[in-house]
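Structure first, then comments.
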Amino acid sequence: MAGSAGELIELWPEGAPLAQGNGDEDRPALTPYLVQGGGTGAVIVCPGGGYGMRAAHEGEPIAQWLNGLGVSAFVLRYRVAPYRYPSALKDAQRAVRHVRLHAAEWGIDPAKIGILGFSAGGHLTATASVLFDQGAPEAADPVERQSCRPDLSILCYPVISLDTRYAHGGSRTNLLGPEPAEEMVELLSAERQVKPDTPPAFIWHTADDGAVPVENALLYASALAAAKVPFDLHVYEKGRHGLGLAGEDPHVASWTTVCGLWLKRYDFY
């Protein structure tokens with residue numbers, strides 16, 4: 001039986017790095033949706049919104065779907081514009097570290113912590129999956145001693161590349177500004193940063209997505225294949241951008257069933 005949403009967990013109670021103020025949008029946080037007596041996996045959920053906002057339908061409803069499988073979930077309030085790189089990435093990395101540190105308290109396996117994102121949240125998920133570290137053993141903060149490598153990722157119509165041929169312009173501008181340096185475009189185009197230790201991925205997209213071209217999903221899958229990293233790739237023929245659970249389209253909505261089976265293969269529940 002899924003537990004109700006818990007109290008907000010601030011990731012840096014004393015104030016986040018690079019914070020520009022002290023309001024809610026300056027304070028990255030997790031909302032936990034814990035499963036009592038369920039599986040031992042957990043997934044951190046990153047809603048989309050072009051790095052300018054966070055779409056509600058890609059947050060709590062996704063956590064509730066995961067709970068229905070028997071998987072605990074944490075919806076991430078990450079920083080968006082006017083914040084730019086690296087604020088959101090720091091927030092996602094901190095979220096993975098925090099859940100890993102406290103996993104035993106929640107009945108979660110610290111080696112089964114995944115991350116899921118939609119659209120720009122998919123970009124955040126992908127960059128967290130390719131730009132990670134194993135933690136700082138000597139850090140005074142016990143959270144910072146933890147690895148921030150996710151154990152798997154779920155990418156839903158993700159922004160992957162910041163190359164102007166494929167990028168979602170709004171996400172790119174909100175993240176890096178109007179004229180980003182080429183080395184930043186290279187660093188934050190996730191398909192260019194895949195390595196053999198990049199975590200396995202479940203990826204879905206629609207072929208006629210008018211906002212984020214399907215090439216984003218294809219480029220990431222191709223990079224994973226080249227690095228011999230396992231992945232599931234599902235491209236649906238039709239469907240608008242931003243479908244979330246896709247309740248309006250029974251065909252595309254099948255992504256939740258297939259993704260649930262994929263999570264089962266990794267013993268997340």
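Ordered as shown in the structure tokens, chains take letters A, B, and onward, while each chain numbers its residues from 1 and ligands are numbered from 1 in the order shown.
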
For this session: Write out as number ranges by chain each polymer residue whose atoms come within 10 Å of Pro137 in chain A, counting only C-alpha atoms; drop sequence neighbours fewer than 6 positions from it.
Result: A: 144-147

For this session: Give me every strand (DSSP E) residue in range 215-244 of chain A, going by DSSP on the backbone, as a ChimeraX atom specification.
Result: /A:231-236

Export of the given selection (all heavy atoms) as an mmCIF file, in the first residue's frame:
```
data_model
loop_
_atom_site.group_PDB
_atom_site.id
_atom_site.type_symbol
_atom_site.label_atom_id
_atom_site.label_comp_id
_atom_site.auth_asym_id
_atom_site.auth_seq_id
_atom_site.Cartn_x
_atom_site.Cartn_y
_atom_site.Cartn_z
ATOM 1 N N PHE A 231 19.652 -0.574 -23.166
ATOM 2 C CA PHE A 231 18.565 0.403 -23.240
ATOM 3 C C PHE A 231 17.335 -0.221 -23.880
ATOM 4 O O PHE A 231 17.437 -1.179 -24.641
ATOM 5 C CB PHE A 231 18.984 1.655 -24.027
ATOM 6 C CG PHE A 231 19.245 1.407 -25.485
ATOM 7 C CD1 PHE A 231 18.244 1.557 -26.438
ATOM 8 C CD2 PHE A 231 20.513 1.009 -25.917
ATOM 9 C CE1 PHE A 231 18.490 1.319 -27.785
ATOM 10 C CE2 PHE A 231 20.768 0.769 -27.269
ATOM 11 C CZ PHE A 231 19.752 0.925 -28.204
ATOM 12 N N ASP A 232 16.180 0.337 -23.553
ATOM 13 C CA ASP A 232 14.918 0.088 -24.242
ATOM 14 C C ASP A 232 14.561 1.379 -24.964
ATOM 15 O O ASP A 232 14.590 2.445 -24.351
ATOM 16 C CB ASP A 232 13.810 -0.224 -23.227
ATOM 17 C CG ASP A 232 13.384 -1.687 -23.214
ATOM 18 O OD1 ASP A 232 14.252 -2.558 -23.399
ATOM 19 O OD2 ASP A 232 12.180 -1.935 -22.981
ATOM 20 N N LEU A 233 14.205 1.284 -26.231
ATOM 21 C CA LEU A 233 13.807 2.461 -27.005
ATOM 22 C C LEU A 233 12.442 2.208 -27.621
ATOM 23 O O LEU A 233 12.250 1.208 -28.308
ATOM 24 C CB LEU A 233 14.833 2.766 -28.101
ATOM 25 C CG LEU A 233 14.441 3.860 -29.101
ATOM 26 C CD1 LEU A 233 14.313 5.215 -28.413
ATOM 27 C CD2 LEU A 233 15.450 3.925 -30.243
ATOM 28 N N HIS A 234 11.498 3.132 -27.378
ATOM 29 C CA HIS A 234 10.138 2.991 -27.897
ATOM 30 C C HIS A 234 9.739 4.302 -28.575
ATOM 31 O O HIS A 234 9.687 5.351 -27.917
ATOM 32 C CB HIS A 234 9.164 2.655 -26.767
ATOM 33 C CG HIS A 234 9.562 1.419 -26.028
ATOM 34 N ND1 HIS A 234 9.076 0.168 -26.346
ATOM 35 C CD2 HIS A 234 10.447 1.234 -25.019
ATOM 36 C CE1 HIS A 234 9.628 -0.736 -25.555
ATOM 37 N NE2 HIS A 234 10.476 -0.112 -24.748
ATOM 38 N N VAL A 235 9.491 4.239 -29.875
ATOM 39 C CA VAL A 235 9.068 5.412 -30.633
ATOM 40 C C VAL A 235 7.659 5.160 -31.151
ATOM 41 O O VAL A 235 7.424 4.200 -31.894
ATOM 42 C CB VAL A 235 10.028 5.715 -31.794
ATOM 43 C CG1 VAL A 235 9.515 6.912 -32.593
ATOM 44 C CG2 VAL A 235 11.443 6.001 -31.278
ATOM 45 N N TYR A 236 6.732 6.003 -30.739
ATOM 46 C CA TYR A 236 5.341 5.906 -31.173
ATOM 47 C C TYR A 236 5.134 6.793 -32.393
ATOM 48 O O TYR A 236 5.704 7.879 -32.488
ATOM 49 C CB TYR A 236 4.412 6.333 -30.031
ATOM 50 C CG TYR A 236 4.505 5.409 -28.832
ATOM 51 C CD1 TYR A 236 5.423 5.668 -27.810
ATOM 52 C CD2 TYR A 236 3.702 4.285 -28.731
ATOM 53 C CE1 TYR A 236 5.522 4.821 -26.713
ATOM 54 C CE2 TYR A 236 3.795 3.426 -27.639
ATOM 55 C CZ TYR A 236 4.705 3.701 -26.639
ATOM 56 O OH TYR A 236 4.816 2.860 -25.561
#
```

Problem set entry | Surrounding residues of Gly135 in chain A excluding itself and chain neighbours under 3 positions, 12 Å, only C-alpha atoms, as a PyMOL selection string | chain A and resi 93-94+96-98+100-101+132+138-149

Exercise. Among range 106-214 of chain A, which residues carry a DSSP assignment of alpha helix (DSSP H), reported as a ChimeraX atom specification?
Worked result: /A:120-130,169-176,182-187

Go ahead and save the residues from that selection, with N, CA, C and O atoms, as a short mmCIF file (atom, residue, chain, number, x, y, z; two decimals), in the first residue's frame.
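Saved file again-v7.cif follows:
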```cif
data_model
loop_
_atom_site.label_atom_id
_atom_site.label_comp_id
_atom_site.auth_asym_id
_atom_site.auth_seq_id
_atom_site.Cartn_x
_atom_site.Cartn_y
_atom_site.Cartn_z
N ALA A 120 12.54 18.77 -20.85
CA ALA A 120 13.74 19.35 -20.24
C ALA A 120 14.13 18.59 -18.97
O ALA A 120 15.31 18.48 -18.65
N GLY A 121 13.14 18.06 -18.26
CA GLY A 121 13.46 17.18 -17.14
C GLY A 121 14.15 15.91 -17.61
O GLY A 121 14.93 15.32 -16.86
N GLY A 122 13.86 15.51 -18.85
CA GLY A 122 14.59 14.40 -19.45
C GLY A 122 16.03 14.77 -19.74
O GLY A 122 16.94 13.94 -19.61
N HIS A 123 16.26 16.03 -20.12
CA HIS A 123 17.63 16.50 -20.31
C HIS A 123 18.37 16.47 -18.98
O HIS A 123 19.53 16.03 -18.90
N LEU A 124 17.71 16.93 -17.93
CA LEU A 124 18.32 16.90 -16.60
C LEU A 124 18.63 15.45 -16.20
O LEU A 124 19.70 15.16 -15.66
N THR A 125 17.70 14.55 -16.47
CA THR A 125 17.90 13.13 -16.16
C THR A 125 19.07 12.55 -16.94
O THR A 125 19.90 11.82 -16.39
N ALA A 126 19.15 12.89 -18.23
CA ALA A 126 20.24 12.37 -19.06
C ALA A 126 21.58 12.94 -18.62
O ALA A 126 22.58 12.21 -18.55
N THR A 127 21.63 14.24 -18.32
CA THR A 127 22.93 14.81 -17.91
C THR A 127 23.36 14.26 -16.56
O THR A 127 24.55 14.01 -16.33
N ALA A 128 22.38 14.02 -15.66
CA ALA A 128 22.73 13.39 -14.38
C ALA A 128 23.23 11.96 -14.59
O ALA A 128 23.97 11.43 -13.74
N SER A 129 22.86 11.35 -15.71
CA SER A 129 23.27 9.98 -16.01
C SER A 129 24.62 9.89 -16.70
O SER A 129 25.19 8.80 -16.79
N VAL A 130 25.12 11.01 -17.20
CA VAL A 130 26.43 10.99 -17.86
C VAL A 130 27.47 11.85 -17.13
O VAL A 130 28.66 11.68 -17.35
N GLY A 169 14.85 25.04 -28.39
CA GLY A 169 15.47 26.35 -28.22
C GLY A 169 15.26 26.95 -26.85
O GLY A 169 16.19 27.52 -26.25
N GLY A 170 14.03 26.86 -26.32
CA GLY A 170 13.76 27.45 -25.02
C GLY A 170 14.57 26.81 -23.91
O GLY A 170 15.10 27.50 -23.03
N SER A 171 14.68 25.48 -23.95
CA SER A 171 15.47 24.78 -22.93
C SER A 171 16.93 25.19 -23.00
O SER A 171 17.57 25.45 -21.97
N ARG A 172 17.44 25.24 -24.21
CA ARG A 172 18.85 25.60 -24.40
C ARG A 172 19.13 27.01 -23.88
O ARG A 172 20.11 27.24 -23.16
N THR A 173 18.26 27.97 -24.21
CA THR A 173 18.46 29.35 -23.79
C THR A 173 18.32 29.50 -22.28
O THR A 173 19.12 30.17 -21.62
N ASN A 174 17.29 28.86 -21.70
CA ASN A 174 17.10 28.95 -20.25
C ASN A 174 18.26 28.33 -19.49
O ASN A 174 18.62 28.79 -18.41
N LEU A 175 18.86 27.28 -20.06
CA LEU A 175 19.94 26.58 -19.37
C LEU A 175 21.28 27.29 -19.51
O LEU A 175 22.05 27.38 -18.56
N LEU A 176 21.56 27.80 -20.73
CA LEU A 176 22.90 28.30 -21.02
C LEU A 176 22.95 29.76 -21.48
O LEU A 176 24.04 30.30 -21.70
N GLU A 182 30.65 26.97 -27.20
CA GLU A 182 30.58 25.66 -27.84
C GLU A 182 30.97 24.54 -26.89
O GLU A 182 30.40 23.44 -26.93
N GLU A 183 31.93 24.82 -25.99
CA GLU A 183 32.32 23.75 -25.06
C GLU A 183 31.19 23.41 -24.09
O GLU A 183 31.08 22.26 -23.64
N MET A 184 30.30 24.37 -23.79
CA MET A 184 29.16 24.08 -22.93
C MET A 184 28.10 23.29 -23.69
O MET A 184 27.46 22.39 -23.13
N VAL A 185 27.90 23.62 -24.95
CA VAL A 185 26.99 22.83 -25.79
C VAL A 185 27.47 21.39 -25.87
O VAL A 185 26.68 20.43 -25.76
N GLU A 186 28.77 21.21 -26.03
CA GLU A 186 29.36 19.86 -26.09
C GLU A 186 29.15 19.12 -24.77
O GLU A 186 28.69 17.97 -24.75
N LEU A 187 29.46 19.78 -23.66
CA LEU A 187 29.35 19.14 -22.35
C LEU A 187 27.93 18.72 -22.03
O LEU A 187 27.71 17.64 -21.46
#
```

For this session: Please provide the set of residues having any atom within 8 Å of Asp163 in chain A, restricted to only C-alpha atoms, with same-chain residues fewer than 2 positions apart removed, written as a VMD selection string.
Result: chain A and resid 161 165 to 167 185 189

Exercise. CA of Leu131 in chain A and CA of Glu191 in chain A, how far apart in Å?
Worked result: 11.4 Å

Problem set entry | Exercise: Val35 in chain A partners within 12 Å, only C-alpha atoms, chain neighbours under 2 positions left out, as a count of residues only | 32

For this session: Show which residues sit within 10 Å of Val258 in chain A, as a PyMOL selection string. Count only C-alpha atoms, and ignore same-chain residues fewer than 4 positions away.
Result: chain A and resi 202+232+234+253-254+262-264

For this session: Determine the nearest neighbour of Gly210 in chain A from the options A:His251, A:His168, A:Gln193, A:Cys46, counting only C-alpha atoms.
Result: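 Using only C-alpha atoms, Gly210 in chain A sits closest to A:His168.
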
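With CA of Asp151 in chain A on one side and CA of Ala111 in chain A on the other, the separation reads 6.5 Å.
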
Exercise. Taking into account only C-alpha atoms, which residue in the set A:Leu11, A:Leu34, A:Leu152, A:Val159 is nearest to Ala92 in chain A?
Worked result: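 Checking each of A:Leu11, A:Leu34, A:Leu152, A:Val159 against Ala92 in chain A, counting only C-alpha atoms, the winner is A:Leu11.
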
For this session: Tell me, in Å to one decimal, how far CA of Asp267 in chain A is from CA of Arg192 in chain A.
Result: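 According to the coordinates, CA of Asp267 in chain A and CA of Arg192 in chain A are separated by 29.2 Å.
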
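Residues surrounding Pro250 in chain A within 12 Å are A:Tyr236, A:Lys238, A:Gly239, A:Leu243, A:Thr256, A:Thr257 [only C-alpha atoms; sequence separation below 6 positions excluded].
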